[in-house]
file coords_36.cif (mmCIF, C-alpha atoms)
data_run
loop_
_atom_site.label_atom_id
_atom_site.label_comp_id
_atom_site.auth_asym_id
_atom_site.auth_seq_id
_atom_site.Cartn_x
_atom_site.Cartn_y
_atom_site.Cartn_z
CA MET D 1252 112.22 78.36 86.51
CA THR D 1253 109.26 80.71 86.21
CA GLY D 1254 105.77 79.97 84.95
CA LEU D 1255 103.92 76.68 84.71
CA CYS D 1256 105.29 73.50 83.18
CA ILE D 1257 103.64 70.39 81.73
CA GLY D 1258 106.16 67.56 81.78
CA VAL D 1259 105.83 64.73 79.29
CA VAL D 1260 107.53 61.34 79.30
CA VAL D 1261 107.20 59.86 75.82
CA PRO D 1262 108.88 56.87 74.11
CA ARG D 1263 110.51 58.57 71.15
CA THR D 1264 112.98 55.74 70.66
CA GLY D 1265 112.98 52.01 71.35
CA ARG D 1266 110.30 49.40 70.78
CA LEU D 1267 107.47 51.64 72.08
CA ALA D 1268 108.27 54.49 69.69
CA PRO D 1269 105.15 53.82 67.55
CA LEU D 1270 103.06 54.56 70.64
CA GLY D 1271 105.03 57.72 71.37
CA GLU D 1272 104.63 59.16 67.89
CA PRO D 1273 100.97 60.25 68.31
CA LEU D 1274 101.78 62.09 71.54
CA SER D 1275 104.74 63.86 69.93
CA TYR D 1276 102.50 64.89 67.03
CA VAL D 1277 99.77 66.22 69.35
CA LEU D 1278 102.28 68.23 71.39
CA GLU D 1279 103.62 69.86 68.23
CA ARG D 1280 100.11 70.55 66.94
CA LEU D 1281 98.93 72.13 70.19
CA ALA D 1282 102.17 74.01 70.95
CA PRO D 1283 100.81 77.43 69.85
CA ARG D 1284 97.97 77.06 72.38
CA LEU D 1285 100.26 76.02 75.20
CA THR D 1286 102.44 79.11 75.66
CA ARG D 1287 100.17 80.83 78.20
CA LEU D 1288 97.42 79.69 80.53
CA ARG D 1289 94.79 81.77 82.31
CA ALA D 1290 93.85 80.47 85.75
CA ARG D 1291 91.84 82.20 88.47
CA GLY D 1292 92.02 85.54 86.71
CA ARG D 1293 95.79 85.45 86.19
CA ASP D 1294 97.90 84.77 83.11
CA HIS D 1295 100.75 82.30 83.56
CA PRO D 1296 103.55 81.55 81.11
CA LEU D 1297 103.32 77.86 80.16
CA ARG D 1298 105.97 75.59 78.69
CA ILE D 1299 106.17 71.93 77.71
CA ALA D 1300 109.17 69.89 78.83
CA VAL D 1301 109.57 66.53 77.06
CA ARG D 1302 111.81 63.61 78.00
CA ASP D 1303 112.37 60.43 76.00
CA SER D 1304 111.80 57.27 78.07
CA ARG D 1305 113.70 55.30 75.40
CA SER D 1306 111.07 52.58 76.03
CA ASP D 1307 112.97 51.70 79.21
CA ALA D 1308 111.61 51.72 82.77
CA ALA D 1309 114.80 52.93 84.47
CA THR D 1310 115.22 55.74 81.95
CA ALA D 1311 111.58 56.70 82.45
CA ARG D 1312 112.07 57.00 86.21
CA GLY D 1313 115.08 59.21 85.65
CA ALA D 1314 113.06 61.33 83.23
CA VAL D 1315 110.39 61.93 85.87
CA ARG D 1316 113.01 63.02 88.38
CA GLU D 1317 114.46 65.50 85.88
CA LEU D 1318 111.02 66.89 85.15
CA ALA D 1319 110.13 67.16 88.83
CA GLU D 1320 113.39 68.63 90.14
CA ARG D 1321 115.04 70.43 87.23
CA GLU D 1322 111.99 71.55 85.25
CA ARG D 1323 109.72 71.98 88.26
CA ALA D 1324 106.86 70.36 86.33
CA ASN D 1325 103.43 71.04 87.77
CA ILE D 1326 101.96 67.93 86.10
CA VAL D 1327 103.38 64.98 84.14
CA LEU D 1328 101.77 63.15 81.21
CA THR D 1329 102.62 59.73 79.79
CA MET D 1330 101.36 56.90 77.61
CA ALA D 1331 103.58 53.86 77.40
CA GLY D 1332 103.83 50.08 77.88
CA THR D 1333 103.41 47.52 80.63
CA GLN D 1334 106.74 48.29 82.30
CA VAL D 1335 107.39 51.92 81.39
CA LEU D 1336 104.02 53.37 82.38
CA PRO D 1337 104.13 51.98 85.96
CA ALA D 1338 107.68 53.27 86.25
CA VAL D 1339 106.55 56.80 85.36
CA THR D 1340 103.49 56.77 87.60
CA ASP D 1341 105.32 55.26 90.58
CA ALA D 1342 108.07 57.86 90.27
CA CYS D 1343 105.45 60.63 90.20
CA GLU D 1344 103.79 59.14 93.28
CA GLU D 1345 107.11 59.02 95.14
CA LEU D 1346 108.06 62.57 94.18
CA GLY D 1347 104.62 64.09 94.78
CA VAL D 1348 103.96 65.20 91.19
CA PRO D 1349 100.46 65.00 89.67
CA CYS D 1350 100.40 62.59 86.74
CA VAL D 1351 97.87 61.59 84.09
CA SER D 1352 98.37 58.46 81.99
CA THR D 1353 96.46 56.28 79.53
CA THR D 1354 96.59 53.24 77.14
CA PHE D 1355 96.63 50.60 79.89
CA PRO D 1356 93.64 48.58 81.28
CA TRP D 1357 92.81 49.93 84.72
CA GLN D 1358 93.24 46.59 86.50
CA ALA D 1359 96.75 46.31 85.08
CA TYR D 1360 97.43 49.91 86.12
CA GLY D 1361 96.72 49.05 89.75
CA TYR D 1362 98.14 45.52 89.74
CA ALA D 1363 101.48 46.55 88.25
CA ARG D 1364 101.89 49.07 91.07
CA GLY D 1365 101.59 46.81 94.10
CA GLY D 1366 99.40 43.85 93.24
CA ASP D 1367 96.01 45.39 94.06
CA PRO D 1368 93.89 46.40 91.03
CA ARG D 1369 91.76 48.69 93.20
CA ARG D 1370 94.60 50.39 95.00
CA ALA D 1371 94.10 54.13 95.48
CA PHE D 1372 96.85 56.68 94.78
CA ARG D 1373 97.41 60.23 95.91
CA TRP D 1374 99.12 61.82 92.91
CA THR D 1375 98.50 59.67 89.85
CA TYR D 1376 95.41 59.44 87.63
CA HIS D 1377 94.60 57.30 84.63
CA PHE D 1378 91.93 56.94 81.96
CA ALA D 1379 91.32 53.82 79.90
CA TRP D 1380 89.09 50.72 79.99
CA GLY D 1381 89.08 47.45 81.90
CA LEU D 1382 89.98 43.87 81.07
CA ASP D 1383 86.30 43.09 81.62
CA ASP D 1384 85.45 45.74 79.01
CA ILE D 1385 87.81 44.04 76.54
CA ALA D 1386 86.16 40.68 77.26
CA GLY D 1387 82.74 42.24 76.70
CA VAL D 1388 83.55 43.75 73.32
CA PHE D 1389 85.40 40.60 72.24
CA ALA D 1390 82.35 38.52 73.19
CA ASP D 1391 80.28 40.85 71.01
CA LEU D 1392 82.64 40.02 68.15
CA TRP D 1393 82.64 36.26 68.81
CA GLU D 1394 78.86 36.22 68.83
CA ARG D 1395 78.71 37.95 65.44
CA LEU D 1396 80.85 35.26 63.79
CA PRO D 1397 78.67 33.81 61.00
CA GLY D 1398 77.72 30.17 61.41
CA THR D 1399 77.99 30.08 65.21
CA GLU D 1400 74.68 31.68 66.11
CA GLY D 1401 72.98 30.00 69.05
CA THR D 1402 75.98 27.82 69.90
CA GLU D 1403 78.57 27.91 72.65
CA ARG D 1404 81.75 29.56 71.40
CA THR D 1405 84.96 27.69 72.11
CA VAL D 1406 87.71 30.29 72.28
CA GLY D 1407 91.40 29.46 72.37
CA CYS D 1408 93.57 31.72 74.51
CA LEU D 1409 97.04 32.68 73.31
CA TRP D 1410 98.33 34.52 76.37
CA ASN D 1411 101.94 35.26 77.24
CA ASP D 1412 103.91 34.68 80.43
CA ASP D 1413 104.19 38.38 81.31
CA LEU D 1414 101.89 40.80 83.15
CA GLN D 1415 99.26 40.92 80.38
CA GLY D 1416 98.89 37.15 80.30
CA ARG D 1417 98.75 36.78 84.08
CA LEU D 1418 96.02 39.36 84.35
CA LEU D 1419 93.98 38.02 81.44
CA ARG D 1420 93.82 34.53 82.96
CA ASP D 1421 93.07 35.73 86.51
CA GLN D 1422 89.97 33.92 87.77
CA GLY D 1423 88.86 36.64 90.16
CA PHE D 1424 88.50 39.70 87.97
CA GLY D 1425 88.81 40.90 84.44
CA PHE D 1426 88.67 38.93 81.23
CA VAL D 1427 87.94 35.32 82.24
CA PRO D 1428 84.89 35.83 84.47
CA ALA D 1429 83.41 38.39 82.05
CA ALA D 1430 83.78 36.05 79.06
CA ARG D 1431 82.46 33.01 80.91
CA ALA D 1432 79.45 35.00 82.13
CA ARG D 1433 78.50 35.35 78.45
CA GLY D 1434 78.52 31.55 78.12
CA HIS D 1435 81.81 31.09 76.29
CA ARG D 1436 84.27 28.23 76.84
CA LEU D 1437 87.87 29.39 77.14
CA ILE D 1438 90.71 27.00 76.35
CA ASP D 1439 94.01 28.15 77.86
CA PRO D 1440 97.00 25.90 77.01
CA GLY D 1441 99.15 27.92 79.41
CA PRO D 1442 101.53 30.83 78.97
CA TYR D 1443 103.93 31.09 76.05
CA PRO D 1444 107.28 32.88 76.51
CA GLU D 1445 107.45 36.30 74.88
CA PRO D 1446 108.88 36.76 72.30
CA ALA D 1447 107.39 33.55 70.96
CA GLY D 1448 109.48 30.63 69.75
CA ASP D 1449 107.97 27.34 68.57
CA LEU D 1450 104.20 27.49 69.18
CA THR D 1451 103.42 23.97 67.92
CA ALA D 1452 102.10 22.88 71.34
CA TRP D 1453 99.67 25.81 71.43
CA VAL D 1454 98.51 25.20 67.86
CA THR D 1455 97.95 21.51 68.61
CA ARG D 1456 96.06 22.09 71.86
CA LEU D 1457 93.69 24.62 70.34
CA ARG D 1458 93.10 22.44 67.28
CA GLU D 1459 92.28 19.45 69.51
CA ALA D 1460 89.83 21.61 71.47
CA GLY D 1461 88.06 22.57 68.26
CA ALA D 1462 88.47 26.30 68.85
CA PRO D 1463 87.39 28.28 65.77
CA ILE D 1464 88.25 31.53 67.57
CA VAL D 1465 91.56 32.59 69.11
CA THR D 1466 91.91 35.53 71.50
CA SER D 1467 95.21 37.09 72.47
CA ALA D 1468 97.13 40.13 73.64
CA ALA D 1469 100.23 39.20 71.67
CA THR D 1470 102.58 41.50 69.86
CA ALA D 1471 101.87 41.66 66.15
CA ALA D 1472 105.02 39.66 65.43
CA ASP D 1473 104.09 36.86 67.85
CA LEU D 1474 100.52 36.71 66.56
CA ALA D 1475 101.76 36.48 62.97
CA HIS D 1476 104.12 33.70 64.06
CA TYR D 1477 101.21 31.77 65.63
CA HIS D 1478 99.01 32.30 62.58
CA ARG D 1479 101.73 31.05 60.26
CA GLN D 1480 102.22 27.86 62.28
CA ALA D 1481 98.47 27.29 62.58
CA ARG D 1482 97.99 27.82 58.84
CA GLU D 1483 100.78 25.39 58.01
CA ALA D 1484 99.21 22.81 60.38
CA GLY D 1485 95.77 23.21 58.80
CA ALA D 1486 94.37 24.77 61.97
CA ARG D 1487 93.66 28.29 60.79
CA PRO D 1488 91.18 30.07 63.12
CA ARG D 1489 88.06 31.66 61.63
CA LEU D 1490 88.49 34.75 63.81
CA ILE D 1491 91.28 36.21 65.92
CA THR D 1492 90.60 38.88 68.52
CA CYS D 1493 93.64 40.69 69.82
CA SER D 1494 94.19 43.75 72.00
CA ARG D 1495 97.45 45.54 72.87
CA TRP D 1496 99.62 45.99 69.76
CA LEU D 1497 96.93 45.14 67.21
CA THR D 1498 94.86 48.23 68.06
CA TYR D 1499 96.93 50.20 65.54
CA PRO D 1500 99.04 49.25 62.51
CA HIS D 1501 102.79 48.71 62.33
CA THR D 1502 103.97 48.95 58.75
CA ALA D 1503 106.93 51.28 59.02
CA THR D 1504 109.63 48.67 58.39
CA ALA D 1505 110.07 45.66 56.13
CA ALA D 1506 109.58 43.39 59.16
CA ASP D 1507 106.33 45.18 59.99
CA ARG D 1508 105.10 44.72 56.43
CA ARG D 1509 105.85 40.98 56.57
CA VAL D 1510 103.81 40.76 59.77
CA HIS D 1511 100.97 42.67 58.14
CA ASP D 1512 101.04 40.41 55.07
CA GLU D 1513 100.78 37.32 57.28
CA LEU D 1514 97.90 38.73 59.31
CA ALA D 1515 96.02 40.27 56.37
CA GLY D 1516 94.08 37.08 55.78
CA ALA D 1517 93.54 36.39 59.47
CA ARG D 1518 90.80 39.02 59.73
CA VAL D 1519 92.08 40.18 63.10
CA ALA D 1520 89.47 41.95 65.21
CA THR D 1521 90.33 44.28 68.05
CA LEU D 1522 89.04 46.87 70.48
CA VAL D 1523 88.39 50.42 69.29
CA TYR D 1524 88.65 53.23 71.81
CA TRP D 1525 88.98 56.08 69.31
CA SER D 1526 88.44 56.62 65.59
CA PRO D 1527 87.66 59.41 63.12
CA GLY D 1528 84.03 58.31 63.37
CA HIS D 1529 83.73 58.98 67.10
CA PRO D 1530 81.50 62.06 67.54
CA HIS D 1531 83.65 63.85 70.11
CA ARG D 1532 85.18 67.31 70.07
CA SER D 1533 88.14 68.72 72.00
CA GLY D 1534 87.28 71.01 74.87
CA LEU D 1535 90.62 72.77 74.37
CA ASP D 1536 90.61 73.76 70.69
CA GLY D 1537 87.31 72.42 69.31
CA THR D 1538 88.97 69.85 67.04
CA THR D 1539 86.78 66.91 66.02
CA CYS D 1540 87.97 63.32 65.78
CA ALA D 1541 87.71 63.39 62.00
CA GLU D 1542 89.70 66.63 61.82
CA LEU D 1543 92.49 65.30 64.04
CA ALA D 1544 92.78 62.06 62.06
CA GLY D 1545 92.77 63.97 58.77
CA ALA D 1546 95.40 66.44 59.92
CA TYR D 1547 97.67 63.64 61.10
CA GLN D 1548 97.39 61.83 57.78
CA GLU D 1549 98.02 65.01 55.79
CA THR D 1550 101.02 66.03 57.90
CA THR D 1551 102.71 62.63 58.20
CA GLY D 1552 101.48 60.78 55.13
CA ARG D 1553 100.59 57.84 57.40
CA PRO D 1554 97.24 56.37 58.50
CA TRP D 1555 95.56 57.69 61.64
CA LEU D 1556 96.30 55.84 64.87
CA GLN D 1557 93.98 55.15 67.79
CA PRO D 1558 96.36 56.64 70.39
CA LEU D 1559 96.00 60.04 68.69
CA GLY D 1560 92.72 60.67 70.49
CA LEU D 1561 94.10 59.60 73.86
CA ALA D 1562 97.22 61.74 73.41
CA HIS D 1563 95.08 64.79 72.66
CA ALA D 1564 92.88 64.04 75.68
CA LEU D 1565 95.97 63.83 77.91
CA VAL D 1566 96.94 67.38 77.00
CA GLU D 1567 93.35 68.57 77.40
CA THR D 1568 93.22 67.05 80.89
CA ALA D 1569 96.47 68.69 81.96
CA HIS D 1570 95.34 72.08 80.65
CA HIS D 1571 92.02 71.72 82.49
CA ALA D 1572 93.64 70.67 85.77
CA LEU D 1573 96.02 73.65 85.76
CA THR D 1574 93.23 76.04 84.77
CA ALA D 1575 90.72 74.76 87.33
CA ALA D 1576 93.08 74.28 90.30
CA PRO D 1577 92.78 76.88 93.10
CA ASP D 1578 96.53 77.43 92.68
CA PRO D 1579 98.12 75.87 89.57
CA THR D 1580 101.59 76.29 91.11
CA ASP D 1581 100.58 74.01 94.02
CA ARG D 1582 101.01 70.39 92.98
CA ALA D 1583 98.70 69.15 95.74
CA ALA D 1584 95.95 71.46 94.53
CA VAL D 1585 96.39 70.19 90.98
CA ALA D 1586 96.17 66.56 92.14
CA THR D 1587 93.01 67.28 94.11
CA THR D 1588 91.51 68.97 91.06
CA LEU D 1589 92.25 65.87 88.97
CA SER D 1590 90.39 63.68 91.48
CA ARG D 1591 87.28 65.82 90.96
CA THR D 1592 87.58 66.28 87.21
CA ARG D 1593 84.66 65.71 84.86
CA LEU D 1594 85.76 66.79 81.41
CA THR D 1595 84.65 66.61 77.78
CA THR D 1596 87.57 65.65 75.52
CA ILE D 1597 88.21 64.48 71.99
CA ALA D 1598 88.40 60.93 73.42
CA GLY D 1599 84.97 61.32 75.01
CA PRO D 1600 83.75 62.32 78.49
CA LEU D 1601 86.23 61.66 81.32
CA ASP D 1602 84.90 61.41 84.87
CA TRP D 1603 87.24 60.67 87.75
CA THR D 1604 84.38 60.93 90.25
CA ALA D 1605 82.64 57.80 88.92
CA GLY D 1606 85.26 55.12 89.62
CA PRO D 1607 85.84 52.17 89.50
CA THR D 1608 88.55 53.59 91.78
CA PRO D 1609 89.22 57.23 92.71
CA ASN D 1610 92.13 57.34 90.26
CA ILE D 1611 90.38 55.92 87.19
CA ALA D 1612 88.14 57.38 84.48
CA LEU D 1613 86.64 54.86 82.08
CA LEU D 1614 86.32 54.95 78.29
CA PRO D 1615 83.84 52.67 76.47
CA LEU D 1616 84.94 50.33 73.69
CA ALA D 1617 83.64 49.49 70.24
CA GLY D 1618 84.67 46.43 68.25
CA GLY D 1619 86.75 46.75 65.10
CA GLN D 1620 88.32 44.55 62.46
CA TRP D 1621 91.30 45.08 60.19
CA HIS D 1622 90.33 44.97 56.51
CA SER D 1623 92.76 45.16 53.61
CA GLY D 1624 92.46 47.86 50.99
CA PRO D 1625 94.47 49.54 48.21
CA GLN D 1626 95.84 52.08 50.71
CA GLY D 1627 96.87 49.41 53.21
CA PRO D 1628 95.13 48.09 56.34
CA ARG D 1629 92.09 50.00 57.58
CA LEU D 1630 90.27 49.57 60.85
CA GLU D 1631 86.51 49.20 60.39
CA ILE D 1632 83.92 49.47 63.18
CA VAL D 1633 81.95 46.20 63.17
CA THR D 1634 80.10 46.34 66.49
CA ASN D 1635 78.99 49.33 68.56
CA THR D 1636 76.95 47.75 71.37
CA ARG D 1637 78.71 49.89 74.00
CA THR D 1638 79.15 52.95 71.79
CA PRO D 1639 75.92 53.37 69.82
CA GLU D 1640 76.95 56.91 68.92
CA VAL D 1641 79.82 55.50 66.81
CA PRO D 1642 78.60 54.31 63.39
CA VAL D 1643 79.29 50.76 62.23
CA THR D 1644 81.30 50.94 58.99
CA ALA D 1645 81.52 47.28 57.91
CA ASP D 1646 80.38 43.74 58.64
CA LEU D 1647 82.52 41.28 60.59
CA VAL D 1648 84.20 38.99 58.06
CA PRO D 1649 85.60 35.57 59.08
CA ALA D 1650 88.83 34.22 57.65
CA ALA D 1651 88.39 32.18 54.50
#
call {"tool": "encode", "arguments": {"input": "coords_36.cif", "output": "structure tokens"}}
result
Amino acid sequence: MTGLCIGVVVPRTGRLAPLGEPLSYVLERLAPRLTRLRARGRDHPLRIAVRDSRSDAATARGAVRELAERERANIVLTMAGTQVLPAVTDACEELGVPCVSTTFPWQAYGYARGGDPRRAFRWTYHFAWGLDDIAGVFADLWERLPGTEGTERTVGCLWNDDLQGRLLRDQGFGFVPAARARGHRLIDPGPYPEPAGDLTAWVTRLREAGAPIVTSAATAADLAHYHRQAREAGARPRLITCSRWLTYPHTATAADRRVHDELAGARVATLVYWSPGHPHRSGLDGTTCAELAGAYQETTGRPWLQPLGLAHALVETAHHALTAAPDPTDRAAVATTLSRTRLTTIAGPLDWTAGPTPNIALLPLAGGQWHSGPQGPRLEIVTNTRTPEVPVTADLVPAA
């Protein structure tokens, strides 16, 4: 095939489809700008080739092979879950195709691909935040909980038995040492099997420990299940902090709405990596965060989602790498260009020269909380210690 190709592996179906929707929207929105690319004084035809991972690791690996061999993709983009994203990036590494990914803490990105969080890669690049960054912004939230000023916070940990849970409880890096360095006492009753069944033992242990705060990386359904059991046992936490699925809403189905109704009173707080209030602008088309969020809502009739900004930044990064590479048809040259990239995007500045590893660019986090309103759940910014340029939009409110 002639011309340049950006390959995309996106979960259009399966359990990760809500995460794939923002990327599909961004690709459609930017399509008119992605038909030609000017690099080193030459115009190149440009096309986008998309494959559905079906939220499955094996399918994702096959999709990368199709993109690499049949489509001759010059670069591959992806944003997916704890099993699918490593499958895509490992396949790109094996096939020698430059890849950019996001929506995955950088320690998990490295650990899931060989057990070493600081492992360096030749072809694959990632931008996100760290587990230590999540712990830092969650500690900011815990310390803003009214009535606990000047006291040690006892925080119950609801962590699963999969990769996320193992990494969160690791004593050597990430969440635990960062939280303890802030003076907080973490109570970990041990891993629960995902999806969650009876969580009585976890509810009891955290109640006995006197934990007014619970932190988790559970799916929305599992967190709602825990909250229901805790409420029925009279052990309702005053604040829940949760990453992973709770960074954006799931209200598309009746089951999603039941989960939302259960969690509405829980005052769940979470990390915020992108919002309409972030003061960034795309280096590709000049779109602001507010404009992208507004356009998505107008087009789809649904609330804006945090992954929108990351999806847009993925495409911006690919366009930059192909434009800046000495030869955009040479995959090795494109990969080398990525390793040296410092780029302004709608998700904020990305700098792969600053570490923490040669393959990682970091994004800072704000703290948010889900508040209920007449139009459904809305994510408010309640702490901006690490992102002072992002305005705070509401106070942190504990559960009744």
call {"tool": "resolve_selection", "arguments": {"input": "coords_36.cif", "expression": "the PyMOL selection byres ((chain D and resi 1273-1275) around 12)", "output": "ChimeraX atom specification"}}
result
/D:1259-1264,1267-1272,1276-1282,1299-1303,1328-1331,1352-1354,1499,1543-1544,1546-1548,1550-1551,1553-1566
call {"tool": "closest_atom_pairs", "arguments": {"input": "coords_36.cif", "of": "region 1393-1491 of chain D", "to": "region 1616-1634 of chain D", "cutoff": "12 Å", "atoms": "all atoms listed in the file", "output": "CSV"}}
result
residue,atom,partner,partner_atom,distance
D:Trp1393,CA,D:Gly1618,CA,10.4
D:Glu1394,CA,D:Thr1634,CA,10.5
D:Arg1395,CA,D:Thr1634,CA,8.6
D:Leu1396,CA,D:Val1633,CA,11.0
D:Leu1490,CA,D:Gln1620,CA,9.9
D:Ile1491,CA,D:Gln1620,CA,9.5
call {"tool": "resolve_selection", "arguments": {"input": "coords_36.cif", "expression": "the PyMOL selection byres ((chain D and resi 1528) around 8)", "output": "PyMOL selection string"}}
result
chain D and resi 1526-1527+1529-1530+1540-1541+1641-1642
call {"tool": "closest_atom_pairs", "arguments": {"input": "coords_36.cif", "of": "region 1333-1446 of chain D", "to": "region 1567-1585 of chain D", "cutoff": "8 Å", "atoms": "only C-alpha atoms", "output": "tab-separated table"}}
result
residue	atom	partner	partner_atom	distance
D:Gly1347	CA	D:Arg1582	CA	7.5
D:Val1348	CA	D:Arg1582	CA	6.2
D:Pro1349	CA	D:Arg1582	CA	6.3
D:Val1351	CA	D:Ala1569	CA	7.5
D:Trp1374	CA	D:Ala1583	CA	7.9
call {"tool": "atom_distance", "arguments": {"input": "coords_36.cif", "atom1": "CA of Thr1375 (chain D)", "atom2": "CA of Pro1615 (chain D)"}}
result
21.0 Å
call {"tool": "atom_distance", "arguments": {"input": "coords_36.cif", "atom1": "CA of Tyr1524 (chain D)", "atom2": "CA of Val1339 (chain D)"}}
result
22.7 Å
call {"tool": "resolve_selection", "arguments": {"input": "coords_36.cif", "expression": "the PyMOL selection byres ((chain D and resi 1481) around 12)", "output": "number ranges by chain"}}
result
D: 1449-1458, 1462-1463, 1465, 1474-1480, 1482-1489, 1491, 1513-1514, 1517
call {"tool": "residues_around", "arguments": {"input": "coords_36.cif", "residues": "Phe1378 (chain D)", "least_positions_apart": "4", "cutoff": "6 Å", "atoms": "only C-alpha atoms", "output": "PyMOL selection string"}}
result
chain D and resi 1353+1611-1613
call {"tool": "atom_distance", "arguments": {"input": "coords_36.cif", "atom1": "CA of Gly1398 (chain D)", "atom2": "CA of Asn1635 (chain D)"}}
result
20.5 Å
call {"tool": "closest_residue", "arguments": {"input": "coords_36.cif", "among": "D:Val1519, D:Glu1542, D:Glu1344, D:Phe1389", "to": "Ala1371 (chain D)", "atoms": "all atoms listed in the file"}}
result
D:Glu1344
call {"tool": "residues_around", "arguments": {"input": "coords_36.cif", "residues": "Pro1296 (chain D)", "least_positions_apart": "3", "cutoff": "8 Å", "atoms": "only C-alpha atoms", "output": "list of chain:residue names"}}
result
D:Thr1253, D:Gly1254, D:Leu1255, D:Thr1286, D:Arg1287, D:Leu1288
call {"tool": "closest_residue", "arguments": {"input": "coords_36.cif", "among": "D:Leu1614, D:Thr1638, D:Asp1646, D:Ala1472", "to": "Val1510 (chain D)", "atoms": "only C-alpha atoms"}}
result
D:Ala1472
call {"tool": "residues_around", "arguments": {"input": "coords_36.cif", "residues": "Thr1405 (chain D)", "least_positions_apart": "3", "cutoff": "8 Å", "atoms": "only C-alpha atoms", "output": "list in words"}}
result
His1435, Arg1436, Leu1437, Ile1438, Ala1460, Gly1461, Ala1462, Pro1463 and Ile1464 of chain D
call {"tool": "closest_residue", "arguments": {"input": "coords_36.cif", "among": "D:Trp1410, D:Tyr1443, D:Tyr1376, D:Trp1525", "to": "Thr1588 (chain D)", "atoms": "all atoms listed in the file"}}
result
D:Tyr1376
call {"tool": "residues_around", "arguments": {"input": "coords_36.cif", "residues": "Thr1604 (chain D)", "least_positions_apart": "2", "cutoff": "6 Å", "atoms": "only C-alpha atoms", "output": "list in words"}}
result
Arg1591, Asp1602 and Gly1606 of chain D
call {"tool": "closest_residue", "arguments": {"input": "coords_36.cif", "among": "D:Cys1493, D:Ala1342, D:Val1406, D:Val1327", "to": "Ala1311 (chain D)", "atoms": "only C-alpha atoms"}}
result
D:Ala1342
call {"tool": "closest_residue", "arguments": {"input": "coords_36.cif", "among": "D:Gly1365, D:Gly1265, D:Arg1532, D:Ala1520", "to": "Val1648 (chain D)", "atoms": "all atoms listed in the file"}}
result
D:Ala1520
call {"tool": "closest_residue", "arguments": {"input": "coords_36.cif", "among": "D:Thr1470, D:Gln1334, D:Gln1358, D:Asn1325", "to": "Thr1310 (chain D)", "atoms": "all atoms listed in the file"}}
result
D:Gln1334
call {"tool": "residues_around", "arguments": {"input": "coords_36.cif", "residues": "Leu1318 (chain D)", "least_positions_apart": "5", "cutoff": "7 Å", "atoms": "only C-alpha atoms", "output": "PyMOL selection string"}}
result
chain D and resi 1258+1323-1324
